[in-house]
file structure_6.cif (mmCIF, C-alpha atoms)
data_work
#
loop_
_atom_site.group_PDB
_atom_site.id
_atom_site.type_symbol
_atom_site.label_atom_id
_atom_site.label_comp_id
_atom_site.auth_asym_id
_atom_site.auth_seq_id
_atom_site.Cartn_x
_atom_site.Cartn_y
_atom_site.Cartn_z
ATOM 1 C CA MET A 1 -17.707 1.958 10.563
ATOM 2 C CA GLN A 2 -16.263 -1.494 11.191
ATOM 3 C CA PHE A 3 -14.815 -3.908 8.652
ATOM 4 C CA ARG A 4 -12.104 -6.533 8.255
ATOM 5 C CA VAL A 5 -8.874 -6.069 6.339
ATOM 6 C CA ALA A 6 -6.400 -8.688 5.121
ATOM 7 C CA CYS A 7 -2.744 -8.045 4.267
ATOM 8 C CA ALA A 8 -1.518 -10.673 1.814
ATOM 9 C CA GLN A 9 2.196 -11.245 2.373
ATOM 10 C CA PHE A 10 3.509 -13.468 -0.422
ATOM 11 C CA ALA A 11 6.342 -14.020 -2.909
ATOM 12 C CA PRO A 12 5.333 -13.422 -6.540
ATOM 13 C CA MET A 13 7.048 -15.315 -9.326
ATOM 14 C CA LYS A 14 9.384 -12.971 -11.141
ATOM 15 C CA ALA A 15 7.850 -11.621 -14.373
ATOM 16 C CA GLU A 16 5.169 -14.366 -14.356
ATOM 17 C CA THR A 17 2.218 -11.970 -14.463
ATOM 18 C CA GLY A 18 -0.469 -14.525 -15.313
ATOM 19 C CA ARG A 19 0.579 -16.956 -12.606
ATOM 20 C CA ASN A 20 0.821 -14.162 -10.054
ATOM 21 C CA LEU A 21 -2.686 -13.005 -10.913
ATOM 22 C CA ASP A 22 -3.846 -16.581 -10.320
ATOM 23 C CA THR A 23 -2.242 -16.457 -6.869
ATOM 24 C CA ILE A 24 -3.722 -13.041 -6.105
ATOM 25 C CA ALA A 25 -7.201 -14.308 -6.997
ATOM 26 C CA GLU A 26 -6.734 -17.442 -4.880
ATOM 27 C CA ILE A 27 -5.571 -15.436 -1.863
ATOM 28 C CA SER A 28 -8.450 -13.012 -2.343
ATOM 29 C CA ARG A 29 -10.945 -15.873 -2.223
ATOM 30 C CA GLN A 30 -9.301 -17.164 0.941
ATOM 31 C CA ALA A 31 -9.447 -13.698 2.504
ATOM 32 C CA SER A 32 -13.113 -13.348 1.603
ATOM 33 C CA GLY A 33 -13.785 -16.739 3.171
ATOM 34 C CA GLU A 34 -12.198 -15.461 6.383
ATOM 35 C CA GLY A 35 -14.506 -12.456 6.392
ATOM 36 C CA ALA A 36 -12.181 -9.852 4.885
ATOM 37 C CA ASP A 37 -13.828 -6.904 3.156
ATOM 38 C CA LEU A 38 -10.581 -5.371 1.866
ATOM 39 C CA VAL A 39 -7.387 -7.163 0.807
ATOM 40 C CA LEU A 40 -4.083 -5.323 0.430
ATOM 41 C CA PHE A 41 -1.305 -6.895 -1.631
ATOM 42 C CA PRO A 42 2.352 -5.754 -1.724
ATOM 43 C CA GLU A 43 4.154 -3.421 -4.095
ATOM 44 C CA THR A 44 4.661 -4.899 -7.611
ATOM 45 C CA SER A 45 2.741 -7.991 -6.550
ATOM 46 C CA THR A 46 1.800 -8.930 -10.122
ATOM 47 C CA ALA A 47 5.388 -9.306 -11.327
ATOM 48 C CA GLY A 48 8.008 -9.056 -8.582
ATOM 49 C CA TYR A 49 10.090 -5.979 -7.844
ATOM 50 C CA PHE A 50 13.593 -6.249 -9.392
ATOM 51 C CA LEU A 51 12.638 -6.486 -13.068
ATOM 52 C CA GLU A 52 14.791 -3.621 -14.377
ATOM 53 C CA GLY A 53 14.643 -3.834 -18.182
ATOM 54 C CA GLY A 54 11.833 -6.384 -17.957
ATOM 55 C CA VAL A 55 9.320 -3.890 -16.587
ATOM 56 C CA LEU A 56 7.732 -3.200 -19.976
ATOM 57 C CA GLU A 57 6.944 -6.858 -20.687
ATOM 58 C CA ALA A 58 5.376 -7.317 -17.235
ATOM 59 C CA SER A 59 3.407 -4.074 -17.181
ATOM 60 C CA LEU A 60 -0.379 -3.809 -17.416
ATOM 61 C CA THR A 61 -2.867 -1.059 -18.042
ATOM 62 C CA LYS A 62 -5.222 -0.533 -15.129
ATOM 63 C CA GLU A 63 -8.070 -1.761 -17.327
ATOM 64 C CA LYS A 64 -6.210 -4.956 -18.208
ATOM 65 C CA LEU A 65 -5.421 -5.551 -14.534
ATOM 66 C CA ALA A 66 -9.087 -5.199 -13.561
ATOM 67 C CA TYR A 67 -10.242 -7.367 -16.490
ATOM 68 C CA GLU A 68 -7.791 -10.175 -15.710
ATOM 69 C CA LEU A 69 -8.630 -10.276 -12.029
ATOM 70 C CA TRP A 70 -12.370 -10.129 -12.691
ATOM 71 C CA GLY A 71 -12.045 -13.102 -15.033
ATOM 72 C CA ARG A 72 -10.421 -15.081 -12.232
ATOM 73 C CA LEU A 73 -12.774 -13.982 -9.448
ATOM 74 C CA LYS A 74 -16.223 -13.734 -11.011
ATOM 75 C CA ASP A 75 -17.136 -17.405 -10.608
ATOM 76 C CA GLY A 76 -18.255 -18.009 -7.052
ATOM 77 C CA LEU A 77 -17.942 -14.396 -5.882
ATOM 78 C CA ASP A 78 -20.955 -14.100 -3.580
ATOM 79 C CA ARG A 79 -20.096 -10.927 -1.660
ATOM 80 C CA PRO A 80 -18.332 -7.637 -2.395
ATOM 81 C CA ILE A 81 -14.598 -7.465 -1.813
ATOM 82 C CA ASP A 82 -12.175 -4.597 -2.434
ATOM 83 C CA ILE A 83 -8.612 -5.314 -3.532
ATOM 84 C CA ALA A 84 -5.666 -2.912 -3.455
ATOM 85 C CA LEU A 85 -2.466 -4.108 -5.069
ATOM 86 C CA GLY A 86 0.826 -2.940 -6.477
ATOM 87 C CA PHE A 87 1.661 -3.474 -10.149
ATOM 88 C CA TYR A 88 3.844 -2.142 -12.915
ATOM 89 C CA GLU A 89 1.538 0.059 -14.963
ATOM 90 C CA ILE A 90 1.748 1.254 -18.552
ATOM 91 C CA ALA A 91 -0.326 4.340 -19.381
ATOM 92 C CA ASP A 92 0.023 6.328 -22.610
ATOM 93 C CA GLY A 93 3.324 4.609 -23.272
ATOM 94 C CA ILE A 94 4.793 5.565 -19.872
ATOM 95 C CA LEU A 95 5.755 3.044 -17.185
ATOM 96 C CA TYR A 96 4.953 3.551 -13.498
ATOM 97 C CA ASN A 97 5.255 1.701 -10.213
ATOM 98 C CA SER A 98 1.567 1.899 -9.283
ATOM 99 C CA ALA A 99 -1.098 0.665 -6.905
ATOM 100 C CA ALA A 100 -4.732 0.175 -7.916
ATOM 101 C CA TYR A 101 -7.858 0.148 -5.784
ATOM 102 C CA LEU A 102 -10.433 -2.218 -7.305
ATOM 103 C CA GLU A 103 -13.972 -2.910 -6.098
ATOM 104 C CA PHE A 104 -15.414 -6.333 -6.924
ATOM 105 C CA THR A 105 -19.067 -7.356 -6.633
ATOM 106 C CA PRO A 106 -20.920 -10.352 -8.083
ATOM 107 C CA ASP A 107 -21.948 -8.003 -10.923
ATOM 108 C CA GLY A 108 -18.520 -6.743 -11.986
ATOM 109 C CA VAL A 109 -15.426 -4.734 -11.111
ATOM 110 C CA ARG A 110 -14.871 -1.000 -10.709
ATOM 111 C CA ILE A 111 -11.519 0.809 -10.796
ATOM 112 C CA ASN A 112 -11.840 3.308 -7.951
ATOM 113 C CA GLY A 113 -8.357 4.765 -8.075
ATOM 114 C CA VAL A 114 -4.735 4.354 -9.128
ATOM 115 C CA TYR A 115 -1.704 5.825 -7.384
ATOM 116 C CA ARG A 116 1.679 6.197 -9.076
ATOM 117 C CA LYS A 117 4.694 6.145 -6.778
ATOM 118 C CA ILE A 118 6.292 9.569 -6.396
ATOM 119 C CA PHE A 119 9.489 8.826 -4.457
ATOM 120 C CA LEU A 120 11.484 6.362 -6.572
ATOM 121 C CA PRO A 121 14.573 5.105 -4.721
ATOM 122 C CA THR A 122 17.619 5.121 -6.973
ATOM 123 C CA TYR A 123 20.495 4.416 -4.601
ATOM 124 C CA GLY A 124 22.120 1.395 -2.972
ATOM 125 C CA VAL A 125 20.348 -1.729 -4.236
ATOM 126 C CA PHE A 126 17.569 0.355 -5.820
ATOM 127 C CA ASP A 127 17.419 1.617 -9.401
ATOM 128 C CA GLU A 128 13.748 2.506 -9.906
ATOM 129 C CA GLU A 129 14.024 5.829 -11.701
ATOM 130 C CA ARG A 130 15.982 4.227 -14.525
ATOM 131 C CA PHE A 131 12.994 2.070 -15.422
ATOM 132 C CA VAL A 132 9.778 3.840 -14.338
ATOM 133 C CA SER A 133 8.531 7.421 -14.185
ATOM 134 C CA ARG A 134 7.417 9.369 -11.147
ATOM 135 C CA GLY A 135 3.784 9.925 -10.359
ATOM 136 C CA ARG A 136 2.578 13.481 -9.832
ATOM 137 C CA ASP A 137 -0.642 13.220 -7.810
ATOM 138 C CA LEU A 138 -1.933 11.905 -4.520
ATOM 139 C CA ALA A 139 -4.583 9.184 -4.531
ATOM 140 C CA ILE A 140 -7.279 10.099 -2.010
ATOM 141 C CA ILE A 141 -10.069 7.592 -2.585
ATOM 142 C CA GLU A 142 -13.657 7.542 -1.379
ATOM 143 C CA THR A 143 -14.633 3.950 -0.597
ATOM 144 C CA ARG A 144 -17.537 2.182 1.068
ATOM 145 C CA PHE A 145 -15.393 2.107 4.208
ATOM 146 C CA GLY A 146 -14.419 5.783 4.245
ATOM 147 C CA ARG A 147 -11.738 7.986 2.759
ATOM 148 C CA LEU A 148 -8.314 6.409 2.331
ATOM 149 C CA ALA A 149 -5.026 7.120 0.589
ATOM 150 C CA LEU A 150 -2.522 4.922 -1.206
ATOM 151 C CA LEU A 151 1.225 5.352 -0.730
ATOM 152 C CA ILE A 152 3.916 2.969 -1.963
ATOM 153 C CA CYS A 153 6.936 1.944 0.107
ATOM 154 C CA GLU A 154 9.427 4.853 0.184
ATOM 155 C CA ASP A 155 6.630 7.415 -0.131
ATOM 156 C CA ILE A 156 5.829 6.981 3.553
ATOM 157 C CA TRP A 157 9.487 7.495 4.525
ATOM 158 C CA HIS A 158 8.995 11.148 3.541
ATOM 159 C CA SER A 159 6.847 12.736 6.253
ATOM 160 C CA VAL A 160 5.264 15.240 3.879
ATOM 161 C CA MET A 161 3.343 12.450 2.102
ATOM 162 C CA PRO A 162 1.247 11.093 5.003
ATOM 163 C CA MET A 163 0.799 14.689 6.175
ATOM 164 C CA LEU A 164 -0.728 15.700 2.828
ATOM 165 C CA CYS A 165 -2.946 12.611 2.790
ATOM 166 C CA ALA A 166 -4.228 13.321 6.305
ATOM 167 C CA VAL A 167 -4.927 16.973 5.511
ATOM 168 C CA ARG A 168 -6.926 15.777 2.491
ATOM 169 C CA GLY A 169 -9.114 13.728 4.822
ATOM 170 C CA ALA A 170 -7.641 10.212 4.677
ATOM 171 C CA GLN A 171 -8.619 8.032 7.622
ATOM 172 C CA MET A 172 -6.487 5.115 6.454
ATOM 173 C CA LEU A 173 -3.196 4.841 4.625
ATOM 174 C CA LEU A 174 -2.736 1.713 2.539
ATOM 175 C CA VAL A 175 0.987 1.095 2.048
ATOM 176 C CA PRO A 176 2.033 -1.739 -0.270
ATOM 177 C CA ALA A 177 5.802 -2.223 -0.042
ATOM 178 C CA ALA A 178 8.738 -4.289 -1.291
ATOM 179 C CA SER A 179 11.654 -3.797 1.071
ATOM 180 C CA PRO A 180 14.861 -5.872 0.835
ATOM 181 C CA ALA A 181 16.246 -6.726 4.268
ATOM 182 C CA ARG A 182 18.990 -4.361 5.384
ATOM 183 C CA GLY A 183 20.861 -4.126 8.691
ATOM 184 C CA PHE A 184 21.451 -7.302 10.694
ATOM 185 C CA SER A 185 23.639 -6.093 13.575
ATOM 186 C CA GLY A 186 20.858 -5.817 16.152
ATOM 187 C CA ALA A 187 18.123 -8.031 17.523
ATOM 188 C CA GLU A 188 15.794 -7.076 14.634
ATOM 189 C CA ILE A 189 16.282 -6.353 10.952
ATOM 190 C CA GLU A 190 16.932 -2.613 10.911
ATOM 191 C CA ASN A 191 14.653 -1.548 8.065
ATOM 192 C CA HIS A 192 11.775 -3.605 9.504
ATOM 193 C CA GLU A 193 12.172 -1.884 12.841
ATOM 194 C CA ARG A 194 12.323 1.447 11.016
ATOM 195 C CA TYR A 195 9.019 0.659 9.326
ATOM 196 C CA ARG A 196 7.436 -0.085 12.692
ATOM 197 C CA ARG A 197 8.635 3.247 14.078
ATOM 198 C CA LEU A 198 7.502 5.102 10.948
ATOM 199 C CA PHE A 199 4.029 3.595 10.944
ATOM 200 C CA ARG A 200 3.517 4.207 14.654
ATOM 201 C CA ALA A 201 4.703 7.817 14.378
ATOM 202 C CA VAL A 202 2.477 8.538 11.367
ATOM 203 C CA SER A 203 -0.534 6.947 13.056
ATOM 204 C CA GLU A 204 -0.020 8.874 16.288
ATOM 205 C CA GLU A 205 0.594 12.240 14.639
ATOM 206 C CA HIS A 206 -2.305 12.146 12.186
ATOM 207 C CA ALA A 207 -4.657 9.671 13.928
ATOM 208 C CA VAL A 208 -4.937 7.376 10.924
ATOM 209 C CA TYR A 209 -4.823 3.633 10.426
ATOM 210 C CA VAL A 210 -1.698 2.492 8.602
ATOM 211 C CA ILE A 211 -2.218 -0.797 6.763
ATOM 212 C CA ASN A 212 0.913 -2.289 5.229
ATOM 213 C CA SER A 213 1.545 -5.354 3.066
ATOM 214 C CA GLN A 214 5.132 -6.408 2.400
ATOM 215 C CA LEU A 215 6.642 -8.580 -0.307
ATOM 216 C CA ILE A 216 8.622 -11.682 0.667
ATOM 217 C CA GLY A 217 10.903 -14.003 -1.290
ATOM 218 C CA PHE A 218 14.279 -13.634 -2.993
ATOM 219 C CA GLU A 219 15.069 -11.776 -6.192
ATOM 220 C CA GLY A 220 18.633 -11.447 -7.451
ATOM 221 C CA GLY A 221 20.034 -12.559 -4.105
ATOM 222 C CA LYS A 222 18.040 -9.952 -2.177
ATOM 223 C CA GLY A 223 15.515 -11.107 0.406
ATOM 224 C CA PHE A 224 12.354 -9.140 1.137
ATOM 225 C CA ILE A 225 11.526 -8.715 4.803
ATOM 226 C CA GLY A 226 7.814 -9.360 5.167
ATOM 227 C CA GLY A 227 6.587 -8.280 8.598
ATOM 228 C CA SER A 228 3.398 -6.653 7.260
ATOM 229 C CA MET A 229 1.470 -4.792 9.930
ATOM 230 C CA VAL A 230 -1.654 -2.870 10.838
ATOM 231 C CA VAL A 231 -1.358 0.119 13.185
ATOM 232 C CA ASP A 232 -4.342 1.828 14.766
ATOM 233 C CA PRO A 233 -4.902 5.640 15.096
ATOM 234 C CA PHE A 234 -3.298 5.640 18.560
ATOM 235 C CA GLY A 235 -0.031 4.207 17.193
ATOM 236 C CA LYS A 236 -0.620 0.684 18.487
ATOM 237 C CA VAL A 237 0.417 -2.266 16.305
ATOM 238 C CA ILE A 238 -2.725 -4.419 16.323
ATOM 239 C CA ALA A 239 -1.526 -7.095 13.885
ATOM 240 C CA GLU A 240 1.889 -8.089 12.556
ATOM 241 C CA ALA A 241 3.023 -10.837 10.210
ATOM 242 C CA PRO A 242 6.208 -12.867 10.652
ATOM 243 C CA ILE A 243 9.442 -12.067 8.892
ATOM 244 C CA ALA A 244 10.026 -13.667 5.479
ATOM 245 C CA GLU A 245 7.082 -16.098 5.648
ATOM 246 C CA PRO A 246 3.847 -16.144 3.654
ATOM 247 C CA GLN A 247 0.960 -14.895 5.729
ATOM 248 C CA LEU A 248 -2.597 -13.679 5.330
ATOM 249 C CA LEU A 249 -2.701 -11.142 8.129
ATOM 250 C CA ILE A 250 -6.235 -10.355 9.327
ATOM 251 C CA ALA A 251 -7.250 -7.315 11.388
ATOM 252 C CA ASP A 252 -10.547 -5.716 12.364
ATOM 253 C CA ILE A 253 -10.804 -1.981 11.689
ATOM 254 C CA ASP A 254 -13.034 0.453 13.579
ATOM 255 C CA LEU A 255 -12.995 3.856 11.916
ATOM 256 C CA ASP A 256 -14.808 5.407 14.896
ATOM 257 C CA LEU A 257 -11.424 5.239 16.636
ATOM 258 C CA VAL A 258 -10.074 7.807 14.155
ATOM 259 C CA GLY A 259 -12.439 10.481 15.447
ATOM 260 C CA ILE A 260 -11.735 9.555 19.072
ATOM 261 C CA ALA A 261 -7.962 9.707 18.549
ATOM 262 C CA ARG A 262 -8.209 13.069 16.776
ATOM 263 C CA ALA A 263 -10.322 14.507 19.579
ATOM 264 C CA GLN A 264 -7.861 13.336 22.228
ATOM 265 C CA SER A 265 -4.804 14.622 20.350
ATOM 266 C CA PRO A 266 -5.856 17.397 17.946
ATOM 267 C CA LEU A 267 -2.543 17.673 16.077
ATOM 268 C CA LEU A 268 -4.225 17.287 12.693
ATOM 269 C CA SER A 269 -6.783 19.961 13.573
ATOM 270 C CA ASP A 270 -3.957 22.296 14.581
ATOM 271 C CA LEU A 271 -2.169 21.601 11.297
ATOM 272 C CA LYS A 272 -5.280 22.366 9.269
ATOM 273 C CA GLY A 273 -5.758 25.583 11.244
ATOM 274 C CA GLN A 274 -2.254 26.725 10.316
ATOM 275 C CA TRP A 275 -2.310 25.409 6.764
ATOM 276 C CA GLU A 276 -2.084 28.801 5.071
ATOM 277 C CA GLU A 277 0.922 29.631 7.230
ATOM 278 C CA VAL A 278 2.535 26.346 6.235
ATOM 279 C CA ARG A 279 1.934 27.172 2.579
ATOM 280 C CA ARG A 280 3.479 30.613 3.095
ATOM 281 C CA LEU A 281 6.584 29.067 4.665
ATOM 282 C CA VAL A 282 6.932 26.674 1.726
ATOM 283 C CA ALA A 283 6.453 29.477 -0.789
ATOM 284 C CA ASN A 284 9.118 31.577 0.935
ATOM 285 C CA SER A 285 11.614 28.765 1.380
ATOM 286 C CA GLY A 286 13.733 29.902 -1.568
ATOM 287 C CA TRP A 287 13.660 26.530 -3.366
#
call {"tool": "encode", "arguments": {"input": "structure_6.cif", "output": "structure tokens"}}
result
Amino acid sequence: MQFRVACAQFAPMKAETGRNLDTIAEISRQASGEGADLVLFPETSTAGYFLEGGVLEASLTKEKLAYELWGRLKDGLDRPIDIALGFYEIADGILYNSAAYLEFTPDGVRINGVYRKIFLPTYGVFDEERFVSRGRDLAIIETRFGRLALLICEDIWHSVMPMLCAVRGAQMLLVPAASPARGFSGAEIENHERYRRLFRAVSEEHAVYVINSQLIGFEGGKGFIGGSMVVDPFGKVIAEAPIAEPQLLIADIDLDLVGIARAQSPLLSDLKGQWEEVRRLVANSGW
């Protein structure tokens, strides 16, 4: 299975949900014009990240998100395009940092899945758990391209999350993120380099594509790094966006490489074979 993915690295206007949705629709049209079948937008791309007490006013239900984007995209949409994007979600009166997977065709829009961020950083410059609630479930989604999973930013810093997604059959991990730049003592921004190492390690261990879209811009004096990237199942970075600049990063995906990588390095197969033993170790950990 071959298709084209676009990672939309941009700076949303803080709390300006309507204007950001306009931008998301415009970028999606551009991506479609460049042959993209799937567009990934960053974490909280509809509103900006550091909203704190303003999260409620900028939040959307998943249905409202789909409706608003469909209204902006339906005119002139002549081919299917899937869009995955981060947004502040309200569901049953509870706020989440979420990512939705939406499928658009000339006939309408379908909500194929929503993931709610589980690991909410609340340290240093971060204060997420004061303003949103934790998700409780993985999002393993069957798409026209294959099985994929959504993780948001810090989720992938915890190795158990990509492991669980891979065991559940994900061939791709979509990772929208909003990461303020941290660590300037070396030749590269430290947290950007850490992301590169994380994505490569996850891809190599589980033989999955990692597709990442990063926020850029400044909010409250904090600058987001950018540097979105696509990593193949062998751990090779096949596309990477510049730091702190808007970019529509395009990459061609070949899911046949997932099977080849897993045959050459059967770590995931070994993990599945020992899964009951892993569960026993967790159960007996004394937590």
call {"tool": "atom_distance", "arguments": {"input": "structure_6.cif", "atom1": "CA of Val167 in chain A", "atom2": "CA of His192 in chain A"}}
result
26.8 Å
call {"tool": "closest_atom_pairs", "arguments": {"input": "structure_6.cif", "of": "range 60-94 of chain A", "to": "range 44-49 of chain A", "cutoff": "9 Å", "atoms": "all atoms listed in the file", "output": "Markdown table"}}
result
| residue | atom | partner | partner_atom | distance |
| --- | --- | --- | --- | --- |
| A:Leu85 | CA | A:Ser45 | CA | 6.7 |
| A:Gly86 | CA | A:Thr44 | CA | 4.5 |
| A:Phe87 | CA | A:Thr44 | CA | 4.2 |
| A:Tyr88 | CA | A:Thr44 | CA | 6.0 |
call {"tool": "atom_distance", "arguments": {"input": "structure_6.cif", "atom1": "CA of Arg19 in chain A", "atom2": "CA of Pro242 in chain A"}}
result
24.3 Å
call {"tool": "residues_near_point", "arguments": {"input": "structure_6.cif", "point": "(-3.7, -3.6, -10.7)", "cutoff": "12 Å", "atoms": "only C-alpha atoms", "output": "number ranges by chain"}}
result
A: 17, 20-21, 24-25, 40-47, 58-70, 82-90, 96-103, 109-116
call {"tool": "resolve_selection", "arguments": {"input": "structure_6.cif", "expression": "the PyMOL selection byres ((chain A and resi 150-154) around 6)", "output": "PyMOL selection string"}}
result
chain A and resi 117+139+149+155-157+173-177
call {"tool": "closest_residue", "arguments": {"input": "structure_6.cif", "among": "A:Met172, A:Val208, A:Phe184, A:Ala166", "to": "Phe145 in chain A", "atoms": "all atoms listed in the file"}}
result
A:Met172
call {"tool": "resolve_selection", "arguments": {"input": "structure_6.cif", "expression": "the PyMOL selection byres ((chain A and resi 250) around 12)", "output": "mmCIF file with C-alpha atoms, in the coordinates of the input"}}
result
data_model
loop_
_atom_site.group_PDB
_atom_site.id
_atom_site.type_symbol
_atom_site.label_atom_id
_atom_site.label_comp_id
_atom_site.auth_asym_id
_atom_site.auth_seq_id
_atom_site.Cartn_x
_atom_site.Cartn_y
_atom_site.Cartn_z
ATOM 1 C CA PHE A 3 -14.815 -3.908 8.652
ATOM 2 C CA ARG A 4 -12.104 -6.533 8.255
ATOM 3 C CA VAL A 5 -8.874 -6.069 6.339
ATOM 4 C CA ALA A 6 -6.400 -8.688 5.121
ATOM 5 C CA CYS A 7 -2.744 -8.045 4.267
ATOM 6 C CA ALA A 8 -1.518 -10.673 1.814
ATOM 7 C CA GLN A 9 2.196 -11.245 2.373
ATOM 8 C CA GLN A 30 -9.301 -17.164 0.941
ATOM 9 C CA ALA A 31 -9.447 -13.698 2.504
ATOM 10 C CA SER A 32 -13.113 -13.348 1.603
ATOM 11 C CA GLY A 33 -13.785 -16.739 3.171
ATOM 12 C CA GLU A 34 -12.198 -15.461 6.383
ATOM 13 C CA GLY A 35 -14.506 -12.456 6.392
ATOM 14 C CA ALA A 36 -12.181 -9.852 4.885
ATOM 15 C CA ASP A 37 -13.828 -6.904 3.156
ATOM 16 C CA LEU A 38 -10.581 -5.371 1.866
ATOM 17 C CA VAL A 39 -7.387 -7.163 0.807
ATOM 18 C CA LEU A 40 -4.083 -5.323 0.430
ATOM 19 C CA ILE A 211 -2.218 -0.797 6.763
ATOM 20 C CA ASN A 212 0.913 -2.289 5.229
ATOM 21 C CA SER A 213 1.545 -5.354 3.066
ATOM 22 C CA SER A 228 3.398 -6.653 7.260
ATOM 23 C CA MET A 229 1.470 -4.792 9.930
ATOM 24 C CA VAL A 230 -1.654 -2.870 10.838
ATOM 25 C CA ILE A 238 -2.725 -4.419 16.323
ATOM 26 C CA ALA A 239 -1.526 -7.095 13.885
ATOM 27 C CA GLU A 240 1.889 -8.089 12.556
ATOM 28 C CA ALA A 241 3.023 -10.837 10.210
ATOM 29 C CA GLN A 247 0.960 -14.895 5.729
ATOM 30 C CA LEU A 248 -2.597 -13.679 5.330
ATOM 31 C CA LEU A 249 -2.701 -11.142 8.129
ATOM 32 C CA ALA A 251 -7.250 -7.315 11.388
ATOM 33 C CA ASP A 252 -10.547 -5.716 12.364
ATOM 34 C CA ILE A 253 -10.804 -1.981 11.689
#
call {"tool": "residues_near_point", "arguments": {"input": "structure_6.cif", "point": "(15.1, -10.7, -13.1)", "cutoff": "12 Å", "atoms": "all atoms listed in the file", "output": "PyMOL selection string"}}
result
chain A and resi 13-16+47-55+57-58+218-222
call {"tool": "resolve_selection", "arguments": {"input": "structure_6.cif", "expression": "the PyMOL selection byres ((chain A and resi 159) around 12)", "output": "list in words"}}
result
Phe119, Leu151, Glu154, Asp155, Ile156, Trp157, His158, Val160, Met161, Pro162, Met163, Leu164, Cys165, Ala166, Leu198, Phe199, Ala201, Val202, Ser203, Glu205 and His206 of chain A
call {"tool": "atom_distance", "arguments": {"input": "structure_6.cif", "atom1": "CA of Arg197 in chain A", "atom2": "CA of Gly227 in chain A"}}
result
12.9 Å
call {"tool": "residues_around", "arguments": {"input": "structure_6.cif", "residues": "Gln264 in chain A", "least_positions_apart": "5", "cutoff": "10 Å", "atoms": "only C-alpha atoms", "output": "mmCIF file with C-alpha atoms, keeping the file's coordinate frame"}}
result
data_model
loop_
_atom_site.group_PDB
_atom_site.id
_atom_site.type_symbol
_atom_site.label_atom_id
_atom_site.label_comp_id
_atom_site.auth_asym_id
_atom_site.auth_seq_id
_atom_site.Cartn_x
_atom_site.Cartn_y
_atom_site.Cartn_z
ATOM 1 C CA ALA A 207 -4.657 9.671 13.928
ATOM 2 C CA PHE A 234 -3.298 5.640 18.560
ATOM 3 C CA GLY A 259 -12.439 10.481 15.447
#
call {"tool": "residues_around", "arguments": {"input": "structure_6.cif", "residues": "Thr122 in chain A", "least_positions_apart": "3", "cutoff": "12 Å", "atoms": "only C-alpha atoms", "output": "PyMOL selection string"}}
result
chain A and resi 52+119+125-134+154
call {"tool": "closest_residue", "arguments": {"input": "structure_6.cif", "among": "A:Ser28, A:Gly124, A:Glu277, A:Ala170", "to": "Arg182 in chain A", "atoms": "all atoms listed in the file"}}
result
A:Gly124
call {"tool": "closest_residue", "arguments": {"input": "structure_6.cif", "among": "A:Arg168, A:Arg72, A:Arg79, A:Arg280", "to": "Leu268 in chain A", "atoms": "all atoms listed in the file"}}
result
A:Arg168
call {"tool": "axis_aligned_box", "arguments": {"input": "structure_6.cif", "around": "range 55-62 of chain A", "padding_each_side": "8 Å", "output": "AutoDock Vina command-line options"}}
result
--center_x 2.0 --center_y -3.9 --center_z -17.9 --size_x 30.5 --size_y 22.8 --size_z 21.6
call {"tool": "closest_residue", "arguments": {"input": "structure_6.cif", "among": "A:Gly273, A:Glu193, A:Ile118, A:Tyr123", "to": "Asp137 in chain A", "atoms": "only C-alpha atoms"}}
result
A:Ile118
call {"tool": "closest_residue", "arguments": {"input": "structure_6.cif", "among": "A:Arg196, A:Ala263, A:Gly217, A:Gly18", "to": "Val231 in chain A", "atoms": "all atoms listed in the file"}}
result
A:Arg196
call {"tool": "decode", "arguments": {"input": "structure_6.cif", "residues": "range 167-176 of chain A", "atoms": "N, CA and C atoms", "output": "PDB file, in the first residue's frame"}}
result
ATOM      1  N   VAL A 167       1.677  -3.688  19.379  1.00  0.00           N
ATOM      2  CA  VAL A 167       1.107  -4.998  19.700  1.00  0.00           C
ATOM      3  C   VAL A 167      -0.330  -5.088  19.205  1.00  0.00           C
ATOM      4  N   ARG A 168      -1.039  -3.965  19.222  1.00  0.00           N
ATOM      5  CA  ARG A 168      -2.424  -3.927  18.736  1.00  0.00           C
ATOM      6  C   ARG A 168      -2.509  -3.838  17.214  1.00  0.00           C
ATOM      7  N   GLY A 169      -1.375  -3.878  16.535  1.00  0.00           N
ATOM      8  CA  GLY A 169      -1.384  -3.983  15.084  1.00  0.00           C
ATOM      9  C   GLY A 169      -1.128  -2.711  14.311  1.00  0.00           C
ATOM     10  N   ALA A 170      -0.779  -1.605  14.986  1.00  0.00           N
ATOM     11  CA  ALA A 170      -0.542  -0.352  14.272  1.00  0.00           C
ATOM     12  C   ALA A 170       0.684  -0.472  13.370  1.00  0.00           C
ATOM     13  N   GLN A 171       0.531  -0.028  12.140  1.00  0.00           N
ATOM     14  CA  GLN A 171       1.645   0.049  11.199  1.00  0.00           C
ATOM     15  C   GLN A 171       2.231   1.451  11.126  1.00  0.00           C
ATOM     16  N   MET A 172       1.470   2.420  11.575  1.00  0.00           N
ATOM     17  CA  MET A 172       1.898   3.817  11.600  1.00  0.00           C
ATOM     18  C   MET A 172       1.495   4.431  12.928  1.00  0.00           C
ATOM     19  N   LEU A 173       2.338   5.319  13.425  1.00  0.00           N
ATOM     20  CA  LEU A 173       1.994   6.135  14.578  1.00  0.00           C
ATOM     21  C   LEU A 173       1.932   7.576  14.116  1.00  0.00           C
ATOM     22  N   LEU A 174       0.774   8.194  14.264  1.00  0.00           N
ATOM     23  CA  LEU A 174       0.629   9.618  13.988  1.00  0.00           C
ATOM     24  C   LEU A 174       0.810  10.371  15.301  1.00  0.00           C
ATOM     25  N   VAL A 175       1.748  11.317  15.323  1.00  0.00           N
ATOM     26  CA  VAL A 175       2.118  11.980  16.574  1.00  0.00           C
ATOM     27  C   VAL A 175       2.047  13.495  16.407  1.00  0.00           C
ATOM     28  N   PRO A 176       0.883  14.105  16.596  1.00  0.00           N
ATOM     29  CA  PRO A 176       0.829  15.562  16.668  1.00  0.00           C
ATOM     30  C   PRO A 176       1.470  16.033  17.966  1.00  0.00           C
TER      31      PRO A 176
END
